[in-house]
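Trainee: Structure provided below as structure tokens; questions to follow.
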Amino acid sequence: MPAPATPGWYVISLRARGEHAPMRAAAASAGAGLIAISPWRLHLRDDAGTRERLREALAAPRVVVTSPVAVRAARRLQPLRALPAQRWFAVGEGTAIALRRAGVADVEAPRRMDSEGLLSLPGLAELTGQTVGFVTAPGGRGVLVPALEARGARVIRADVYERIAVALSPRSLARLAELDAPAKLALSSAEALQLVVDALPEPLLERLRRAQVIAASERLADIARTLGFTDMVVARSARPADLVAAAAGTPAE
């Protein structure tokens with residue numbers, strides 16, 4: 001059989017170890033290769049304290065879920081079902097789809113799929129005296145809980161999974177060092193980018209900074225700029241298909 005063609009450009013993914021498949025598939029559909037640089041792995045929590053906190057969060061009149069991984073982790077601990085008159089909110093459409101598949105039929109998600117978009121939903125505008133369940137992981141989405149509390153909510157936070165930092169793969173770093181084709185950095189997490197920037201030796205960091213950043217939000221684009229990146233495009237959302245579509249529609253470097 002003939003050898004597969006070498007991709008003309010690459011997507012650099014900073015997703016958790018073992019979580020690159022959707023990004024790889026999206027990149028391949030656009031004719032791109034993938035370089036996976038994982039700064040962390042995911043650990044789904046399964047302890048009595050987490051179960052109890054999740055039970056309390058899912059009993060709240062309003063429930064906010066921040067990611068598809070949070071859905072996956074939560075449904076391992078208990079079934080996800082909407083209570084009568086309860087309202088469910090997702091940060092983005094990917095999370096909303098995961099919730100519907102898990103059994104929550106009616107989920108509200110913003111068109112602008114980030115924290116600011118979620119906070120613009122009418123159902124989260126006036127929360128004085130209301131309890132909001134918040135299903136998430138430590139770190140990330142740092143603006144949401146303070147914003148909800150500032151609107152008068154009592155937030156019950158259930159951290160159902162966690163991100164554990166890992167050493168960057170030597171194989172991935174070698175691929176980055178040898179890269180001689182245009183590269184687009186898919187950015188959906190400020191924490192992941194910071195970990196990678198802190199871990200890379202200077203020559204590889206400079207190589208990474210030459211990649212065009214495809215950011216999932218304006219906020220992430222601004223953070224990338226503070227870390228020395230200069231070429232930015234903002235995608236519609238953090239979904240792999242949207243990030244790769246934005247990457248494919250921009251001029252190659």
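In the structure tokens, chains take letters A, B, ... by order of appearance, with residues numbered from 1 within each chain and ligands from 1 in the order shown.
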Got a sec: who's within 12 Å of Leu208 in chain A, counting only C-alpha atoms, leaving out chain neighbours fewer than 5 positions off, as JSON, numbers by chain?

Mentor: {"A": [10, 11, 12, 13, 14, 35, 37, 173, 175, 176, 177, 178, 179, 180, 182, 183, 184, 185, 186, 193, 196, 197, 200, 201, 202, 203, 213, 224, 227, 228, 229, 230, 231]}

Trainee: Could you list, with a cut-off of 8 Å and counting only C-alpha atoms, the residues of range 171-235 of chain A near range 129-141 of chain A, each shown with its nearest atom pair and the distance in Å rounded to one decimal, rows sorted by chain and ascending number, as JSON lines?

Mentor:
```
{"residue": "A:Ser189", "atom": "CA", "partner": "A:Gly140", "partner_atom": "CA", "distance": 7.6}
{"residue": "A:Ala190", "atom": "CA", "partner": "A:Gly140", "partner_atom": "CA", "distance": 7.9}
{"residue": "A:Glu191", "atom": "CA", "partner": "A:Gly140", "partner_atom": "CA", "distance": 7.2}
```

Trainee: Can I get the selection written as an mmCIF file, in the first residue's frame, with N, CA and C atoms?

Mentor:
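again-v3.cif, written as the output of this step:
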```cif
data_model
loop_
_atom_site.group_PDB
_atom_site.id
_atom_site.type_symbol
_atom_site.label_atom_id
_atom_site.label_comp_id
_atom_site.auth_asym_id
_atom_site.auth_seq_id
_atom_site.Cartn_x
_atom_site.Cartn_y
_atom_site.Cartn_z
ATOM 1 N N SER A 189 -8.196 26.212 26.739
ATOM 2 C CA SER A 189 -7.935 26.260 28.179
ATOM 3 C C SER A 189 -6.725 27.131 28.463
ATOM 4 N N ALA A 190 -6.936 28.187 29.249
ATOM 5 C CA ALA A 190 -5.820 29.035 29.651
ATOM 6 C C ALA A 190 -4.851 28.276 30.545
ATOM 7 N N GLU A 191 -5.386 27.415 31.414
ATOM 8 C CA GLU A 191 -4.521 26.662 32.329
ATOM 9 C C GLU A 191 -3.608 25.722 31.565
#
```

Trainee: Pick out each residue of range 64-163 of chain A that DSSP on the backbone tags as helix (DSSP H, G or I); I need them as JSON, numbers by chain.

Mentor: {"A": [68, 69, 70, 71, 72, 73, 74, 75, 76, 77, 93, 94, 95, 96, 97, 98, 99, 100, 101, 102, 115, 116, 117, 118, 119, 122, 123, 124, 144, 145, 146, 147, 148, 149, 150]}

Trainee: Excluding Pro110 in chain A and residues on its chain fewer than 2 positions from it, collect all residues at most 10 Å away from it, counting only C-alpha atoms, and give them as a PDB file with N, CA, C and O atoms, in the first residue's frame.

Mentor:
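Generated file (selection-v3.pdb):
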```
ATOM      1  N   PHE A  89     -28.388  24.342  32.716  1.00  0.00           N
ATOM      2  CA  PHE A  89     -27.631  25.244  31.851  1.00  0.00           C
ATOM      3  C   PHE A  89     -26.274  24.605  31.521  1.00  0.00           C
ATOM      4  O   PHE A  89     -25.645  23.993  32.384  1.00  0.00           O
ATOM      5  N   ALA A  90     -25.841  24.787  30.282  1.00  0.00           N
ATOM      6  CA  ALA A  90     -24.542  24.289  29.840  1.00  0.00           C
ATOM      7  C   ALA A  90     -23.730  25.451  29.290  1.00  0.00           C
ATOM      8  O   ALA A  90     -24.282  26.360  28.652  1.00  0.00           O
ATOM      9  N   VAL A  91     -22.410  25.415  29.518  1.00  0.00           N
ATOM     10  CA  VAL A  91     -21.564  26.497  29.018  1.00  0.00           C
ATOM     11  C   VAL A  91     -21.568  26.533  27.494  1.00  0.00           C
ATOM     12  O   VAL A  91     -21.548  27.606  26.889  1.00  0.00           O
ATOM     13  N   GLY A  92     -21.605  25.366  26.851  1.00  0.00           N
ATOM     14  CA  GLY A  92     -21.577  25.320  25.398  1.00  0.00           C
ATOM     15  C   GLY A  92     -22.443  24.206  24.849  1.00  0.00           C
ATOM     16  O   GLY A  92     -22.985  23.381  25.597  1.00  0.00           O
ATOM     17  N   GLU A  93     -22.564  24.176  23.532  1.00  0.00           N
ATOM     18  CA  GLU A  93     -23.431  23.201  22.896  1.00  0.00           C
ATOM     19  C   GLU A  93     -22.913  21.785  23.088  1.00  0.00           C
ATOM     20  O   GLU A  93     -23.693  20.840  23.204  1.00  0.00           O
ATOM     21  N   ALA A  96     -24.185  20.714  26.326  1.00  0.00           N
ATOM     22  CA  ALA A  96     -25.631  20.513  26.231  1.00  0.00           C
ATOM     23  C   ALA A  96     -25.960  19.185  25.550  1.00  0.00           C
ATOM     24  O   ALA A  96     -26.853  18.449  25.989  1.00  0.00           O
ATOM     25  N   GLU A 108     -30.434  24.625  28.531  1.00  0.00           N
ATOM     26  CA  GLU A 108     -30.218  25.951  27.948  1.00  0.00           C
ATOM     27  C   GLU A 108     -28.727  26.193  27.778  1.00  0.00           C
ATOM     28  O   GLU A 108     -27.938  25.993  28.709  1.00  0.00           O
ATOM     29  N   ARG A 112     -23.071  32.186  22.235  1.00  0.00           N
ATOM     30  CA  ARG A 112     -21.664  32.457  22.507  1.00  0.00           C
ATOM     31  C   ARG A 112     -21.218  31.462  23.570  1.00  0.00           C
ATOM     32  O   ARG A 112     -21.571  31.583  24.732  1.00  0.00           O
ATOM     33  N   MET A 113     -20.434  30.473  23.154  1.00  0.00           N
ATOM     34  CA  MET A 113     -20.180  29.318  24.016  1.00  0.00           C
ATOM     35  C   MET A 113     -18.969  29.535  24.921  1.00  0.00           C
ATOM     36  O   MET A 113     -17.914  28.923  24.747  1.00  0.00           O
ATOM     37  N   ASP A 114     -19.129  30.444  25.880  1.00  0.00           N
ATOM     38  CA  ASP A 114     -18.092  30.667  26.880  1.00  0.00           C
ATOM     39  C   ASP A 114     -18.764  31.191  28.146  1.00  0.00           C
ATOM     40  O   ASP A 114     -19.999  31.266  28.231  1.00  0.00           O
ATOM     41  N   SER A 115     -17.953  31.530  29.130  1.00  0.00           N
ATOM     42  CA  SER A 115     -18.511  31.959  30.412  1.00  0.00           C
ATOM     43  C   SER A 115     -19.380  33.201  30.258  1.00  0.00           C
ATOM     44  O   SER A 115     -20.464  33.307  30.859  1.00  0.00           O
ATOM     45  N   GLU A 116     -18.916  34.161  29.447  1.00  0.00           N
ATOM     46  CA  GLU A 116     -19.679  35.388  29.267  1.00  0.00           C
ATOM     47  C   GLU A 116     -21.017  35.094  28.584  1.00  0.00           C
ATOM     48  O   GLU A 116     -22.047  35.701  28.920  1.00  0.00           O
ATOM     49  N   GLY A 117     -21.002  34.175  27.632  1.00  0.00           N
ATOM     50  CA  GLY A 117     -22.248  33.803  26.980  1.00  0.00           C
ATOM     51  C   GLY A 117     -23.226  33.167  27.949  1.00  0.00           C
ATOM     52  O   GLY A 117     -24.427  33.472  27.930  1.00  0.00           O
ATOM     53  N   LEU A 118     -22.730  32.286  28.802  1.00  0.00           N
ATOM     54  CA  LEU A 118     -23.601  31.648  29.790  1.00  0.00           C
ATOM     55  C   LEU A 118     -24.233  32.682  30.705  1.00  0.00           C
ATOM     56  O   LEU A 118     -25.439  32.646  30.983  1.00  0.00           O
ATOM     57  N   LEU A 119     -23.434  33.642  31.156  1.00  0.00           N
ATOM     58  CA  LEU A 119     -23.939  34.648  32.082  1.00  0.00           C
ATOM     59  C   LEU A 119     -24.963  35.578  31.434  1.00  0.00           C
ATOM     60  O   LEU A 119     -25.691  36.280  32.135  1.00  0.00           O
ATOM     61  N   SER A 120     -25.020  35.593  30.115  1.00  0.00           N
ATOM     62  CA  SER A 120     -25.984  36.434  29.422  1.00  0.00           C
ATOM     63  C   SER A 120     -27.356  35.783  29.297  1.00  0.00           C
ATOM     64  O   SER A 120     -28.324  36.441  28.886  1.00  0.00           O
ATOM     65  N   LEU A 121     -27.483  34.499  29.661  1.00  0.00           N
ATOM     66  CA  LEU A 121     -28.770  33.816  29.546  1.00  0.00           C
ATOM     67  C   LEU A 121     -29.779  34.413  30.528  1.00  0.00           C
ATOM     68  O   LEU A 121     -29.456  34.636  31.699  1.00  0.00           O
TER      69      LEU A 121
END
```

Trainee: Name the closest residue to Ser172 in chain A among the candidates A:Ala26, A:Val233, A:Leu34, A:Ala60; distances are taken between atoms, counting only C-alpha atoms.

Mentor: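 Ranked by minimum distance to Ser172 in chain A, first place goes to A:Leu34.
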
Trainee: Could you list, as a PDB file with N, CA, C and O atoms, in the first residue's frame, every residue within 8 Å of Ala74 in chain A, counting only C-alpha atoms and ignoring same-chain residues fewer than 3 positions away?

Mentor:
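And here's result_6.pdb as it stands now:
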```
ATOM      1  N   LEU A  54     -22.345  16.303  44.901  1.00  0.00           N
ATOM      2  CA  LEU A  54     -23.063  16.244  43.633  1.00  0.00           C
ATOM      3  C   LEU A  54     -24.561  16.078  43.871  1.00  0.00           C
ATOM      4  O   LEU A  54     -25.373  16.714  43.187  1.00  0.00           O
ATOM      5  N   ALA A  70     -17.383  16.990  32.656  1.00  0.00           N
ATOM      6  CA  ALA A  70     -18.157  17.080  33.897  1.00  0.00           C
ATOM      7  C   ALA A  70     -19.419  16.232  33.803  1.00  0.00           C
ATOM      8  O   ALA A  70     -19.824  15.594  34.784  1.00  0.00           O
ATOM      9  N   VAL A  71     -20.044  16.201  32.629  1.00  0.00           N
ATOM     10  CA  VAL A  71     -21.208  15.338  32.434  1.00  0.00           C
ATOM     11  C   VAL A  71     -20.803  13.880  32.597  1.00  0.00           C
ATOM     12  O   VAL A  71     -21.460  13.101  33.309  1.00  0.00           O
ATOM     13  N   LEU A  77     -21.455   8.869  38.813  1.00  0.00           N
ATOM     14  CA  LEU A  77     -21.758   8.899  40.239  1.00  0.00           C
ATOM     15  C   LEU A  77     -23.244   8.767  40.530  1.00  0.00           C
ATOM     16  O   LEU A  77     -23.629   8.218  41.563  1.00  0.00           O
ATOM     17  N   GLN A  78     -24.069   9.294  39.634  1.00  0.00           N
ATOM     18  CA  GLN A  78     -25.522   9.145  39.807  1.00  0.00           C
ATOM     19  C   GLN A  78     -26.218   9.477  38.493  1.00  0.00           C
ATOM     20  O   GLN A  78     -25.671  10.199  37.652  1.00  0.00           O
ATOM     21  N   PRO A  79     -27.432   8.964  38.286  1.00  0.00           N
ATOM     22  CA  PRO A  79     -28.161   9.287  37.065  1.00  0.00           C
ATOM     23  C   PRO A  79     -28.443  10.787  36.987  1.00  0.00           C
ATOM     24  O   PRO A  79     -28.672  11.444  38.003  1.00  0.00           O
ATOM     25  N   LEU A  80     -28.430  11.319  35.779  1.00  0.00           N
ATOM     26  CA  LEU A  80     -28.727  12.726  35.574  1.00  0.00           C
ATOM     27  C   LEU A  80     -30.153  12.843  35.046  1.00  0.00           C
ATOM     28  O   LEU A  80     -30.446  12.429  33.923  1.00  0.00           O
ATOM     29  N   VAL A 135     -21.600  22.095  38.515  1.00  0.00           N
ATOM     30  CA  VAL A 135     -20.903  20.817  38.320  1.00  0.00           C
ATOM     31  C   VAL A 135     -19.704  21.067  37.431  1.00  0.00           C
ATOM     32  O   VAL A 135     -19.851  21.454  36.265  1.00  0.00           O
ATOM     33  N   VAL A 160     -16.407  17.268  40.213  1.00  0.00           N
ATOM     34  CA  VAL A 160     -16.562  15.837  39.970  1.00  0.00           C
ATOM     35  C   VAL A 160     -15.371  15.214  39.264  1.00  0.00           C
ATOM     36  O   VAL A 160     -15.297  13.990  39.119  1.00  0.00           O
TER      37      VAL A 160
END
```

Trainee: From the options A:Thr128, A:Ser188, A:Ser67, A:Ser29, which residue's atoms come nearest to Ala221 in chain A, counting only C-alpha atoms?

Mentor: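 Answer, going by the shortest atom-to-atom distance: A:Ser188.
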
Trainee: What's the separation between CA of Ile164 in chain A and CA of Arg17 in chain A, in Å to one decimal place?

Mentor: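 Pair CA of Ile164 in chain A / CA of Arg17 in chain A returns 10.0 Å.
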
Trainee: List as a list in words the protein and nucleic acid residues near Glu56 in chain A, meaning an atom at most 9 Å away when only C-alpha atoms are counted, but skip any in the same chain fewer than 5 places from it.

Mentor: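 The neighbour list is Arg51, Gly133, Ile156, Arg157 and Ala158 of chain A.
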